[in-house]
Amino acid sequence: MLTVATWNINSVRLREGLVARLLREEAPDILCLQECKAPVERMPLAAFAALGWPHAVARGQKGYNGVAILSRVPIEDAGAVDFAGLGQARHVAARLPDGTLVHNLYVPAGGDIPDREANPKFGQKLDLLAHLRDHFRAERPRRAILVGDLNVAPLEDDVWSHRQLLGVVSHTPVETAALTDALEAGGWTDITRRDHPTGKLYSWWSYRSPDWDRADKGRRLDHIWASPDLVGAAHDSRILRPVRGWEGPSDHVPVLARFDIAPS
């Protein structure tokens with residue numbers, strides 16, 4: 001059994017203690033972090049190794065972006081794709097001993113205006129999702145898991161108000177269609193929604209809401225996908241909502257799933 005977790009940590013150096021707490025309390029075999037906001041040499045990987053996660057692959061960037069995969073089981077660096085040619089640390093992959101490939105992806109948030117002409121960041125987001133679609137259409141994933149902050153809440157129940165957020169970046173029709181195209185191009189399955197097909201599900205609550213829990217205006221931006229040959233091995237996906245209430249939290253919370261893969 002292999003437990004995989006994904007978490008946009010919003011600065012791994014600032015929230016090193018929260019990562020350590022999650023590792024101690026949940027003990028996932030693999031933890032994928034996004035928005036690390038540090039070059040690799042400044043990430044506290046040695047501290048996580050000392051806790052029992054000695055294997056890591058990462059891509060870093062000073063002050064922005066950055067992705068890392070921490071593991072209790074041996075992994076090898078399987079490279080990174082510069083989706084849309086942005087030149088940013090938004091993807092890294094790791095291969096497990098049995099050949100399973102784990103993709104850790106951080107899709108751009110896309111700014112505040114859902115118009116690529118008025119807002120180049122929105123265009124970059126759409127370009128990355130299009131590249132992701134084309135990449136998996138050309139090379140269909142096999143024995144693969146894709147996780148990360150994909151910055152799109154694709155379904156009506158993935159946001160607090162479908163009607164009110166249709167014009168808000170992360171839930172606009174053009175974004176949800178782009179993410180769905182990428183998912184379908186690779187034959188991926190959204191494991192969290194497979195396990196929880198109905199009802200509101202969120203993994204992000206804005207810092208702008210002083211009482212995020214009561215207001216509960218969340219969005220499901222963080223995802224775990226499985227390739228067709230691993231869908232049957234995936235189960236028990238859950239979102240750790242209470243983590244949003246930890247002291248000094250990220251605005252995202254971890255998402256986990258288990259796979260019937262023997263760690264080795």
# chains A, B, ... in the order shown; residues from 1 in each chain; ligands from 1
>>> select_by_dssp(residues="segment 15-259 of chain A", states="helix (DSSP H, G or I)", output="JSON, numbers by chain")
{"A": [16, 17, 18, 19, 20, 21, 22, 23, 24, 25, 26, 40, 41, 42, 45, 46, 47, 48, 49, 50, 83, 84, 85, 120, 121, 122, 123, 124, 125, 126, 127, 128, 129, 130, 131, 132, 133, 134, 135, 136, 137, 138, 156, 157, 158, 162, 163, 164, 165, 173, 174, 175, 176, 177, 178, 179, 180, 181, 182, 183, 184, 185, 191, 192, 193, 194, 195, 212, 213, 214, 215, 228, 229, 230, 231, 232, 233, 241, 242, 243, 244, 245]}
>>> select_by_dssp(residues="segment 22-246 of chain A", states="strand (DSSP E)", output="PyMOL selection string")
chain A and resi 30-34+55-59+67-71+76-77+91-95+101-106+144-149+189-190+204-205+218-219+222-226+234-239
>>> residues_around(residues="Ala58 of chain A", least_positions_apart="4", cutoff="8 Å", atoms="only C-alpha atoms", output="ChimeraX atom specification")
/A:40,66-69,92
>>> closest_residue(among="A:Ala5, A:Ala46, A:Ala56, A:Val12", to="Glu26 of chain A", atoms="only C-alpha atoms")
A:Ala5
>>> residues_around(residues="Tyr64 of chain A", least_positions_apart="2", cutoff="12 Å", atoms="only C-alpha atoms", output="PyMOL selection string")
chain A and resi 9-12+34-40+59-62+66-67+87-90+106+108
>>> closest_residue(among="A:Leu22, A:Val4, A:Val169, A:Leu86", to="Arg244 of chain A", atoms="only C-alpha atoms")
A:Leu22
>>> residues_around(residues="segment 114-126 of chain A", least_positions_apart="3", cutoff="9 Å", atoms="only C-alpha atoms", output="short mmCIF file (atom, residue, chain, number, x, y, z; two decimals) with N, CA and C atoms, in the first residue's frame")
data_model
loop_
_atom_site.label_atom_id
_atom_site.label_comp_id
_atom_site.auth_asym_id
_atom_site.auth_seq_id
_atom_site.Cartn_x
_atom_site.Cartn_y
_atom_site.Cartn_z
N ALA A 84 4.54 24.74 -21.77
CA ALA A 84 4.29 26.05 -22.40
C ALA A 84 5.55 26.90 -22.50
N LEU A 86 7.46 28.19 -20.26
CA LEU A 86 7.44 29.35 -19.36
C LEU A 86 8.77 29.56 -18.65
N VAL A 107 0.11 24.33 -11.76
CA VAL A 107 -0.43 25.13 -12.85
C VAL A 107 -0.52 26.59 -12.41
N PRO A 108 -0.21 27.55 -13.28
CA PRO A 108 -0.32 28.96 -12.88
C PRO A 108 -1.72 29.31 -12.40
N ALA A 109 -1.79 30.22 -11.44
CA ALA A 109 -3.10 30.66 -10.95
C ALA A 109 -3.86 31.41 -12.04
N GLY A 110 -3.15 32.21 -12.82
CA GLY A 110 -3.78 32.86 -13.96
C GLY A 110 -4.23 34.29 -13.74
N GLY A 111 -3.83 34.90 -12.62
CA GLY A 111 -4.21 36.29 -12.41
C GLY A 111 -5.69 36.45 -12.10
N LEU A 129 -2.08 24.37 -19.97
CA LEU A 129 -3.06 23.30 -19.99
C LEU A 129 -3.16 22.68 -21.39
N ALA A 130 -3.02 23.50 -22.41
CA ALA A 130 -3.04 22.97 -23.78
C ALA A 130 -1.82 22.09 -24.04
N HIS A 131 -0.66 22.52 -23.55
CA HIS A 131 0.56 21.72 -23.70
C HIS A 131 0.41 20.41 -22.94
N GLY A 167 -17.51 33.55 -13.79
CA GLY A 167 -16.64 34.56 -14.38
C GLY A 167 -15.37 34.80 -13.60
N VAL A 168 -15.08 33.92 -12.63
CA VAL A 168 -13.91 34.08 -11.77
C VAL A 168 -12.84 33.07 -12.16
N VAL A 169 -11.59 33.56 -12.27
CA VAL A 169 -10.49 32.69 -12.66
C VAL A 169 -10.40 31.49 -11.72
N SER A 170 -10.28 30.33 -12.30
CA SER A 170 -10.20 28.99 -11.71
C SER A 170 -11.47 28.19 -11.97
N THR A 172 -13.82 29.38 -14.69
CA THR A 172 -14.44 29.83 -15.94
C THR A 172 -14.59 28.65 -16.88
N VAL A 174 -13.77 28.24 -19.96
CA VAL A 174 -12.61 27.95 -20.79
C VAL A 174 -11.55 27.19 -20.01
N GLU A 175 -11.41 27.48 -18.72
CA GLU A 175 -10.43 26.76 -17.89
C GLU A 175 -10.89 25.34 -17.58
N ALA A 178 -10.45 23.26 -20.57
CA ALA A 178 -9.04 22.96 -20.84
C ALA A 178 -8.52 21.87 -19.92
N LEU A 179 -8.89 21.93 -18.64
CA LEU A 179 -8.44 20.89 -17.72
C LEU A 179 -9.08 19.55 -18.06
#
>>> residues_around(residues="Ser209 of chain A", least_positions_apart="6", cutoff="12 Å", atoms="only C-alpha atoms", output="list of chain:residue names")
A:Ala215, A:Asp216, A:Lys217, A:Gly218, A:Asp251
>>> residues_around(residues="Asp195 of chain A", least_positions_apart="3", cutoff="10 Å", atoms="only C-alpha atoms", output="MDAnalysis selection string")
chainID A and resid 190:192 198 234:238 257
>>> write_last_selection(atoms="N, CA, C and O atoms", output="mmCIF file, in the first residue's frame")
data_model
loop_
_atom_site.group_PDB
_atom_site.id
_atom_site.type_symbol
_atom_site.label_atom_id
_atom_site.label_comp_id
_atom_site.auth_asym_id
_atom_site.auth_seq_id
_atom_site.Cartn_x
_atom_site.Cartn_y
_atom_site.Cartn_z
ATOM 1 N N ASP A 190 -9.890 11.286 -12.194
ATOM 2 C CA ASP A 190 -9.829 12.157 -11.024
ATOM 3 C C ASP A 190 -10.228 11.305 -9.817
ATOM 4 O O ASP A 190 -11.408 11.042 -9.585
ATOM 5 N N ILE A 191 -9.239 10.846 -9.050
ATOM 6 C CA ILE A 191 -9.482 9.859 -8.009
ATOM 7 C C ILE A 191 -10.352 10.425 -6.874
ATOM 8 O O ILE A 191 -11.232 9.733 -6.351
ATOM 9 N N THR A 192 -10.125 11.660 -6.492
ATOM 10 C CA THR A 192 -10.912 12.230 -5.405
ATOM 11 C C THR A 192 -12.391 12.263 -5.765
ATOM 12 O O THR A 192 -13.250 11.881 -4.954
ATOM 13 N N THR A 198 -20.292 12.998 -5.307
ATOM 14 C CA THR A 198 -21.277 14.053 -5.106
ATOM 15 C C THR A 198 -20.937 14.858 -3.858
ATOM 16 O O THR A 198 -20.213 14.393 -2.976
ATOM 17 N N ALA A 234 -6.398 2.523 -6.929
ATOM 18 C CA ALA A 234 -6.508 3.773 -6.166
ATOM 19 C C ALA A 234 -7.780 3.776 -5.324
ATOM 20 O O ALA A 234 -8.839 3.329 -5.772
ATOM 21 N N HIS A 235 -7.662 4.313 -4.107
ATOM 22 C CA HIS A 235 -8.829 4.371 -3.234
ATOM 23 C C HIS A 235 -8.543 5.289 -2.048
ATOM 24 O O HIS A 235 -7.433 5.793 -1.864
ATOM 25 N N ASP A 236 -9.581 5.491 -1.238
ATOM 26 C CA ASP A 236 -9.477 6.215 0.031
ATOM 27 C C ASP A 236 -8.951 7.647 -0.127
ATOM 28 O O ASP A 236 -8.218 8.139 0.733
ATOM 29 N N SER A 237 -9.336 8.334 -1.181
ATOM 30 C CA SER A 237 -8.911 9.732 -1.314
ATOM 31 C C SER A 237 -9.639 10.588 -0.281
ATOM 32 O O SER A 237 -10.822 10.380 -0.001
ATOM 33 N N ARG A 238 -8.918 11.545 0.284
ATOM 34 C CA ARG A 238 -9.523 12.435 1.274
ATOM 35 C C ARG A 238 -8.808 13.778 1.264
ATOM 36 O O ARG A 238 -7.657 13.879 0.834
ATOM 37 N N ALA A 257 -4.426 10.053 -1.313
ATOM 38 C CA ALA A 257 -5.058 8.845 -1.842
ATOM 39 C C ALA A 257 -4.112 7.685 -1.612
ATOM 40 O O ALA A 257 -2.887 7.861 -1.511
#
>>> closest_residue(among="A:Arg214, A:Trp53, A:Gly232, A:Thr6", to="Ala27 of chain A", atoms="only C-alpha atoms")
A:Trp53
>>> closest_atom_pairs(of="segment 97-206 of chain A", to="segment 219-224 of chain A", cutoff="12 Å", atoms="only C-alpha atoms", output="Markdown table")
| residue | atom | partner | partner_atom | distance |
| --- | --- | --- | --- | --- |
| A:Val102 | CA | A:Ile224 | CA | 10.3 |
| A:His103 | CA | A:Ile224 | CA | 9.8 |
| A:Asn104 | CA | A:Ile224 | CA | 9.7 |
| A:Leu105 | CA | A:His223 | CA | 9.7 |
| A:Tyr106 | CA | A:Asp222 | CA | 9.3 |
| A:Val107 | CA | A:Leu221 | CA | 9.8 |
| A:Pro108 | CA | A:Leu221 | CA | 11.3 |
| A:Ala109 | CA | A:Leu221 | CA | 9.8 |
| A:Ala144 | CA | A:Ile224 | CA | 10.8 |
| A:Ile145 | CA | A:Ile224 | CA | 7.2 |
| A:Leu146 | CA | A:Ile224 | CA | 5.9 |
| A:Val147 | CA | A:Ile224 | CA | 4.4 |
| A:Gly148 | CA | A:Asp222 | CA | 5.6 |
| A:Asp149 | CA | A:Asp222 | CA | 4.4 |
| A:Leu150 | CA | A:Leu221 | CA | 5.8 |
| A:Asn151 | CA | A:Leu221 | CA | 4.7 |
| A:Val152 | CA | A:Leu221 | CA | 5.2 |
| A:Ala153 | CA | A:Arg220 | CA | 5.1 |
| A:Pro154 | CA | A:Arg220 | CA | 8.1 |
| A:Leu155 | CA | A:Arg220 | CA | 8.8 |
| A:Glu156 | CA | A:Arg219 | CA | 9.9 |
| A:Asp157 | CA | A:Arg220 | CA | 8.6 |
| A:Asp158 | CA | A:Arg220 | CA | 5.0 |
| A:Val159 | CA | A:Arg219 | CA | 4.4 |
| A:Trp160 | CA | A:Arg219 | CA | 6.6 |
| A:Ser161 | CA | A:Arg219 | CA | 9.3 |
| A:His162 | CA | A:Arg219 | CA | 10.1 |
| A:Leu165 | CA | A:Arg219 | CA | 9.9 |
| A:Val168 | CA | A:Arg219 | CA | 11.3 |
| A:Val169 | CA | A:Arg219 | CA | 11.2 |
| A:Ser170 | CA | A:Leu221 | CA | 7.9 |
| A:His171 | CA | A:Arg219 | CA | 8.8 |
| A:Glu175 | CA | A:Leu221 | CA | 11.9 |
| A:Thr176 | CA | A:Leu221 | CA | 11.1 |
| A:Leu179 | CA | A:Leu221 | CA | 11.2 |
| A:Leu183 | CA | A:Ile224 | CA | 11.0 |
| A:Trp188 | CA | A:Ile224 | CA | 9.6 |
| A:Thr189 | CA | A:Ile224 | CA | 8.4 |
| A:Asp190 | CA | A:Ile224 | CA | 6.1 |
| A:Ile191 | CA | A:Ile224 | CA | 5.8 |
| A:Thr192 | CA | A:Ile224 | CA | 6.6 |
| A:Arg193 | CA | A:His223 | CA | 9.1 |
| A:Arg194 | CA | A:Ile224 | CA | 10.3 |
| A:Asp195 | CA | A:Ile224 | CA | 11.1 |
| A:Gly199 | CA | A:Arg220 | CA | 11.7 |
| A:Lys200 | CA | A:Arg220 | CA | 8.8 |
| A:Leu201 | CA | A:Arg220 | CA | 6.0 |
| A:Tyr202 | CA | A:Arg220 | CA | 4.1 |
| A:Ser203 | CA | A:Arg220 | CA | 4.7 |
| A:Trp204 | CA | A:Arg219 | CA | 5.4 |
| A:Trp205 | CA | A:Arg219 | CA | 6.8 |
| A:Ser206 | CA | A:Arg219 | CA | 9.1 |
>>> atom_distance(atom1="atom CA of His91 of chain A", atom2="atom CA of Asp29 of chain A")
19.5 Å
>>> atom_distance(atom1="atom CA of Trp7 of chain A", atom2="atom CA of His252 of chain A")
6.8 Å
